[in-house]
Structure formats: C-alpha cells, structure tokens
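Enquirer: This is model01.cif, which holds mmCIF, C-alpha atoms:
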```
data_target
loop_
_atom_site.label_atom_id
_atom_site.label_comp_id
_atom_site.auth_asym_id
_atom_site.auth_seq_id
_atom_site.Cartn_x
_atom_site.Cartn_y
_atom_site.Cartn_z
CA MET A 1 -29.51 -2.49 -10.16
CA GLN A 2 -28.27 -2.07 -6.58
CA LYS A 3 -24.76 -3.14 -7.59
CA ASP A 4 -24.83 -0.62 -10.46
CA THR A 5 -25.87 2.20 -8.11
CA LYS A 6 -23.09 1.39 -5.65
CA SER A 7 -20.59 1.20 -8.51
CA LEU A 8 -21.87 4.55 -9.86
CA ILE A 9 -21.36 6.21 -6.46
CA PHE A 10 -17.86 4.72 -6.13
CA HIS A 11 -16.72 5.72 -9.64
CA THR A 12 -18.22 9.18 -9.29
CA PHE A 13 -16.20 9.62 -6.10
CA ILE A 14 -13.02 8.57 -7.97
CA GLU A 15 -13.77 11.03 -10.79
CA LEU A 16 -14.34 13.86 -8.31
CA LEU A 17 -11.13 12.96 -6.51
CA GLU A 18 -9.26 13.34 -9.80
CA LYS A 19 -10.55 16.94 -9.98
CA LYS A 20 -10.37 18.31 -6.44
CA PRO A 21 -8.95 17.68 -2.95
CA PHE A 22 -10.68 15.08 -0.83
CA ASP A 23 -11.64 17.71 1.78
CA LYS A 24 -13.61 19.61 -0.86
CA ILE A 25 -15.75 16.63 -1.91
CA THR A 26 -19.15 16.38 -0.25
CA VAL A 27 -21.96 13.87 -0.26
CA LYS A 28 -23.99 16.58 -2.01
CA ASP A 29 -21.43 16.65 -4.87
CA ILE A 30 -21.71 12.90 -5.28
CA VAL A 31 -25.51 12.63 -5.15
CA GLU A 32 -25.97 15.54 -7.57
CA THR A 33 -23.49 14.08 -10.05
CA CYS A 34 -25.08 10.61 -9.76
CA GLU A 35 -28.59 12.08 -9.82
CA ILE A 36 -29.62 10.08 -6.77
CA ASN A 37 -30.97 11.15 -3.37
CA ARG A 38 -28.94 11.30 -0.15
CA ASN A 39 -30.74 8.30 1.33
CA THR A 40 -29.51 6.17 -1.56
CA PHE A 41 -25.92 7.26 -0.87
CA TYR A 42 -26.28 6.43 2.84
CA TYR A 43 -27.76 3.05 2.00
CA TYR A 44 -24.37 2.03 0.61
CA TYR A 45 -21.88 4.24 2.45
CA SER A 46 -21.82 5.78 5.91
CA ASP A 47 -19.77 8.78 4.75
CA ILE A 48 -17.06 9.98 2.36
CA TYR A 49 -14.36 8.25 4.45
CA ASP A 50 -16.11 4.95 3.84
CA LEU A 51 -15.57 5.47 0.10
CA LEU A 52 -11.91 6.34 0.62
CA GLU A 53 -11.43 3.20 2.71
CA GLU A 54 -13.08 1.07 0.02
CA MET A 55 -10.81 2.55 -2.63
CA PHE A 56 -7.68 1.57 -0.69
CA LEU A 57 -9.07 -1.87 0.23
CA LYS A 58 -9.65 -2.59 -3.48
CA GLU A 59 -6.02 -1.75 -4.19
CA LEU A 60 -4.79 -4.00 -1.36
CA ASN A 61 -6.93 -6.86 -2.68
CA GLU A 62 -5.42 -6.41 -6.14
CA ILE A 63 -1.92 -6.57 -4.66
CA SER A 64 -2.90 -9.75 -2.83
CA GLU A 65 -4.29 -11.28 -6.04
CA ALA A 66 -1.13 -10.36 -7.98
CA HIS A 67 0.89 -12.09 -5.27
CA LYS A 68 -1.23 -15.24 -5.52
CA GLU A 69 -0.40 -15.29 -9.23
CA GLY A 70 3.27 -15.61 -8.29
CA LYS A 71 4.43 -12.06 -8.89
CA SER A 72 7.58 -11.03 -7.00
CA TRP A 73 7.64 -8.33 -4.33
CA VAL A 74 9.41 -6.00 -6.78
CA GLU A 75 6.63 -6.56 -9.32
CA ALA A 76 4.06 -5.89 -6.60
CA PHE A 77 5.79 -2.63 -5.70
CA ILE A 78 5.92 -1.63 -9.39
CA LYS A 79 2.17 -2.33 -9.64
CA ILE A 80 1.41 -0.08 -6.65
CA ALA A 81 3.67 2.66 -7.99
CA ASN A 82 2.19 2.45 -11.50
CA VAL A 83 -1.39 2.60 -10.23
CA ALA A 84 -0.52 5.61 -8.06
CA TYR A 85 1.37 7.29 -10.91
CA SER A 86 -1.57 6.81 -13.31
CA HIS A 87 -3.79 8.55 -10.73
CA LYS A 88 -1.33 11.29 -9.88
CA LYS A 89 -3.99 14.00 -9.54
CA LEU A 90 -6.08 11.78 -7.29
CA ILE A 91 -3.09 11.02 -5.02
CA ASN A 92 -2.07 14.69 -4.94
CA ASN A 93 -5.64 15.61 -3.98
CA ILE A 94 -5.50 13.18 -1.06
CA CYS A 95 -2.00 14.39 -0.06
CA SER A 96 -3.18 17.98 0.04
CA SER A 97 -6.11 17.11 2.29
CA ARG A 98 -6.45 16.42 6.01
CA SER A 99 -7.07 12.78 5.13
CA TYR A 100 -3.50 12.02 4.13
CA ASN A 101 -3.33 9.57 7.06
CA TYR A 102 -5.72 7.26 5.14
CA LEU A 103 -3.24 7.13 2.26
CA GLU A 104 -0.34 6.56 4.68
CA ASN A 105 -2.25 3.76 6.38
CA TYR A 106 -2.84 2.10 2.99
CA MET A 107 0.83 2.54 2.02
CA TYR A 108 2.00 1.04 5.30
CA LYS A 109 -0.29 -2.00 4.91
CA ALA A 110 0.82 -2.49 1.30
CA CYS A 111 4.52 -2.20 2.19
CA LYS A 112 4.07 -4.56 5.14
CA PHE A 113 2.24 -7.14 3.02
CA ILE A 114 4.90 -7.06 0.30
CA VAL A 115 8.01 -6.95 2.50
CA VAL A 116 6.95 -9.47 5.16
CA ASP A 117 6.11 -11.97 2.44
CA ALA A 118 9.38 -11.28 0.59
CA VAL A 119 11.52 -11.76 3.73
CA GLN A 120 9.66 -14.95 4.68
CA SER A 121 10.13 -16.32 1.14
CA MET A 122 13.85 -15.49 1.16
CA ALA A 123 14.25 -17.14 4.59
CA GLU A 124 12.64 -20.41 3.46
CA GLY A 125 14.99 -23.32 4.04
CA MET A 126 17.34 -21.17 6.12
CA LEU A 127 18.06 -21.55 9.83
CA VAL A 128 16.92 -18.05 10.78
CA PRO A 129 15.14 -17.43 14.11
CA ASP A 130 11.59 -16.10 13.79
CA GLU A 131 12.46 -13.01 15.83
CA ASP A 132 15.20 -12.12 13.31
CA ILE A 133 12.82 -12.63 10.38
CA GLU A 134 10.33 -10.32 12.09
CA PHE A 135 12.98 -7.69 12.81
CA ILE A 136 14.45 -7.73 9.28
CA ALA A 137 10.95 -7.54 7.76
CA SER A 138 10.01 -4.69 10.09
CA PHE A 139 13.20 -2.77 9.28
CA TYR A 140 12.64 -2.96 5.52
CA GLU A 141 8.90 -2.36 5.61
CA TYR A 142 9.53 0.94 7.42
CA ALA A 143 12.31 1.80 4.98
CA TYR A 144 10.10 1.16 1.93
CA PHE A 145 7.15 2.87 3.55
CA GLY A 146 9.33 5.95 4.14
CA ILE A 147 10.49 5.98 0.52
CA ALA A 148 6.94 5.55 -0.82
CA SER A 149 5.58 8.17 1.57
CA GLU A 150 8.19 10.71 0.50
CA TRP A 151 7.52 9.91 -3.17
CA PHE A 152 3.80 10.62 -2.70
CA ARG A 153 4.40 13.75 -0.64
CA THR A 154 6.74 15.26 -3.24
CA GLY A 155 4.26 14.83 -6.09
CA MET A 156 5.62 11.54 -7.55
CA ARG A 157 8.22 13.28 -9.68
CA GLU A 158 10.27 10.12 -10.23
CA ASP A 159 9.18 7.50 -12.72
CA PRO A 160 7.74 4.47 -10.81
CA LEU A 161 10.00 2.00 -12.64
CA LYS A 162 13.08 4.01 -11.68
CA LEU A 163 11.93 4.09 -8.06
CA ALA A 164 11.28 0.32 -8.05
CA THR A 165 14.72 -0.30 -9.64
CA GLN A 166 16.38 1.73 -6.88
CA ILE A 167 14.48 -0.24 -4.24
CA TRP A 168 15.47 -3.50 -5.94
CA LEU A 169 19.13 -2.48 -5.51
CA VAL A 170 18.89 -2.99 -1.74
CA SER A 171 17.08 -6.35 -1.94
CA ASP A 172 20.44 -8.13 -1.63
CA HIS A 173 20.85 -6.49 1.77
CA ILE A 174 17.81 -8.46 2.96
CA ARG A 175 19.49 -11.70 1.88
CA TYR A 176 22.73 -10.60 3.52
CA ALA A 177 20.93 -9.92 6.82
CA LEU A 178 19.26 -13.34 6.66
CA ARG A 179 22.58 -15.09 5.94
CA LYS A 180 24.19 -13.22 8.83
CA SER A 181 21.38 -14.30 11.16
CA GLU A 182 21.67 -17.89 9.96
CA LYS A 183 25.44 -17.90 10.57
CA ARG A 184 24.90 -16.59 14.11
CA ALA A 185 22.21 -19.23 14.73
CA LYS A 186 24.53 -22.02 13.54
CA ASN A 187 27.32 -20.73 15.80
CA ARG A 188 24.94 -20.81 18.77
CA ILE A 189 23.94 -24.39 17.98
CA GLU A 190 27.60 -25.40 17.72
CA ASN A 191 28.17 -23.82 21.14
CA GLY A 192 25.16 -25.64 22.60
CA ASP A 193 23.07 -22.48 22.95
CA SER A 194 19.41 -22.00 22.09
CA ILE A 195 18.78 -20.03 18.88
CA SER A 196 15.46 -18.66 20.15
CA GLY A 197 17.06 -16.22 22.60
#
```
Let's see the structure in the file written out as structure tokens.

Expert:
Amino acid sequence: MQKDTKSLIFHTFIELLEKKPFDKITVKDIVETCEINRNTFYYYYSDIYDLLEEMFLKELNEISEAHKEGKSWVEAFIKIANVAYSHKKLINNICSSRSYNYLENYMYKACKFIVVDAVQSMAEGMLVPDEDIEFIASFYEYAYFGIASEWFRTGMREDPLKLATQIWLVSDHIRYALRKSEKRAKNRIENGDSISG
C-alpha cells in the first residue's frame, strides 16, 4: 500500500509535468489529484524538488542498467535522447522553469557516465597515460553535454537518431586522440622518459 501511494505521487507529478511548467506545480496540485493529504506527501518526499531529483535518478539508473547489458555508448545516448524526445512537453516544461539547472545536472552526469566509460573502453590495451584518458574523456563529455543542452534548450527539433548519428561521426576522433597519446607515450619510453609526466 505504501509503495503504491509513493508510486501514485511520483506518476501524478510526471503527468502534471507533461501539462505545465515545473514552477507552476505545487504540492497542493499533487495531493488534490492523488486525493491524499499533505502529510502523506511529506511522508515520502520533502518537496517538489525531491520528486524531480528522483525522476532524474531513475533515468540515470536505467542508463547504468543498459550499460551493464553491454549496450554501446552510442546506444546509451540514443536511449537518453529517445526518452527525452518521448517526453518533449515534460522537458520543455522543465526548460521553461527556474529549475533548468536540475535537468542540466542530470544531462552532465549522464554524458559523463557514458563518455568516461567509452573512452576507458577504447583505451583498454593501449599505452595511454591516465591523465590523457581523463583529459580526453573530459573534453568529449563537455562537448556532448553542450550538444545535448542546446538540443533541449531549442525544443528538441532534431530527431534523436539523427542527433546520435551526428555524434557518432566524431567517435573516431576519440580513438585518434588515444592513438596520438599512445604514440607520444611510446616515444617517451624509447627516450628513457617517464610517461606519467
């Protein structure tokens, strides 16, 4: 029963977010729609932001699960983009609110998770210093975050598959950067230098 009530509150919040901006949703809206009292709401959630945080955490967990199933970073990005695209109104309602930073924080974490893992996987078996792996991953996570952020801010006009295909085009640049780092590291070893510095 408790789990059902919490789920009802969460799904009601999602439904309301599909209809109006986040800033316009109140605890009163949720409790009236759910036909519960305010104390019941506060038993499960401290405020509206708590619900928003849970929504994004659920998405991050799904990305993590997809990764465990062996999906590539491009597939993970397509999943994020498709979920966002299928909830276009919801995303637009967050973008048009003062709470856009919550969405940006989620996007950054998702991009970081996907890109860091992709770069580490590509670097496996290569002689690439850790600091170069970190720098390359950081460079591309900010690039992808910027692209995703702009896509959200402009109302997701592009098809998610097209966006993912365009991002996939530059994936070879990651490999190129890793090969370049490896070549430099091998040259240092040949010259008797340390590759850590």

Enquirer: If the PyMOL selection byres ((chain A and resi 147-159) around 12) is run on the structure shown, which residues does it catch, given as JSON, numbers by chain?

Expert: {"A": [77, 78, 80, 81, 82, 83, 84, 85, 86, 87, 88, 89, 90, 91, 92, 93, 94, 95, 96, 97, 100, 101, 102, 103, 104, 105, 106, 107, 108, 109, 110, 111, 140, 141, 142, 143, 144, 145, 146, 160, 161, 162, 163, 164, 165, 166, 167]}

Enquirer: Can you tell me which residues surround Glu54 in chain A at a distance of at most 12 Å, considering all atoms listed in the file, apart from same-chain residues fewer than 3 positions away, and format the answer as JSON, numbers by chain?

Expert: {"A": [6, 7, 9, 10, 11, 13, 14, 44, 45, 46, 47, 48, 49, 50, 51, 57, 58, 59, 60, 61, 102, 103, 106]}

Enquirer: To one decimal place, how far is CA of Glu124 in chain A from CA of Ser181 in chain A in Å?

Expert: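 According to the coordinates, CA of Glu124 in chain A and CA of Ser181 in chain A are separated by 13.2 Å.
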
Enquirer: Quick check, in Å to one decimal: how far apart do CA of Ser171 in chain A and CA of Asp132 in chain A lie?

Expert: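 The value is 16.4 Å.
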
Enquirer: Quick one: which residues end up in the PyMOL selection byres ((chain A and resi 28-32) around 9) for this structure, as number ranges by chain?

Expert: A: 9, 12-13, 16, 25-27, 33-38, 40-41

Enquirer: Compile the contact shell of Ala118 in chain A as number ranges by chain: residues with an atom at most 12 Å away, counting all atoms listed in the file, same-chain residues fewer than 6 positions apart removed.

Expert: A: 67, 70-77, 111-112, 124, 133-134, 136-138, 140-141, 168, 171-172, 174-175, 178

Enquirer: Output C-alpha atoms for every residue in the selection just made, as a PDB file, in the coordinates of the input.

Expert:
```pdb
ATOM      1  CA  HIS A  67       0.890 -12.090  -5.270  1.00  0.00           C
ATOM      2  CA  GLY A  70       3.270 -15.610  -8.290  1.00  0.00           C
ATOM      3  CA  LYS A  71       4.430 -12.060  -8.890  1.00  0.00           C
ATOM      4  CA  SER A  72       7.580 -11.030  -7.000  1.00  0.00           C
ATOM      5  CA  TRP A  73       7.640  -8.330  -4.330  1.00  0.00           C
ATOM      6  CA  VAL A  74       9.410  -6.000  -6.780  1.00  0.00           C
ATOM      7  CA  GLU A  75       6.630  -6.560  -9.320  1.00  0.00           C
ATOM      8  CA  ALA A  76       4.060  -5.890  -6.600  1.00  0.00           C
ATOM      9  CA  PHE A  77       5.790  -2.630  -5.700  1.00  0.00           C
ATOM     10  CA  CYS A 111       4.520  -2.200   2.190  1.00  0.00           C
ATOM     11  CA  LYS A 112       4.070  -4.560   5.140  1.00  0.00           C
ATOM     12  CA  GLU A 124      12.640 -20.410   3.460  1.00  0.00           C
ATOM     13  CA  ILE A 133      12.820 -12.630  10.380  1.00  0.00           C
ATOM     14  CA  GLU A 134      10.330 -10.320  12.090  1.00  0.00           C
ATOM     15  CA  ILE A 136      14.450  -7.730   9.280  1.00  0.00           C
ATOM     16  CA  ALA A 137      10.950  -7.540   7.760  1.00  0.00           C
ATOM     17  CA  SER A 138      10.010  -4.690  10.090  1.00  0.00           C
ATOM     18  CA  TYR A 140      12.640  -2.960   5.520  1.00  0.00           C
ATOM     19  CA  GLU A 141       8.900  -2.360   5.610  1.00  0.00           C
ATOM     20  CA  TRP A 168      15.470  -3.500  -5.940  1.00  0.00           C
ATOM     21  CA  SER A 171      17.080  -6.350  -1.940  1.00  0.00           C
ATOM     22  CA  ASP A 172      20.440  -8.130  -1.630  1.00  0.00           C
ATOM     23  CA  ILE A 174      17.810  -8.460   2.960  1.00  0.00           C
ATOM     24  CA  ARG A 175      19.490 -11.700   1.880  1.00  0.00           C
ATOM     25  CA  LEU A 178      19.260 -13.340   6.660  1.00  0.00           C
TER      26      LEU A 178
END
```

Enquirer: Could you state the separation of CA of Arg179 in chain A and CA of Leu127 in chain A in Å, given to one decimal place?

Expert: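 For CA of Arg179 in chain A relative to CA of Leu127 in chain A, the distance reads 8.8 Å.
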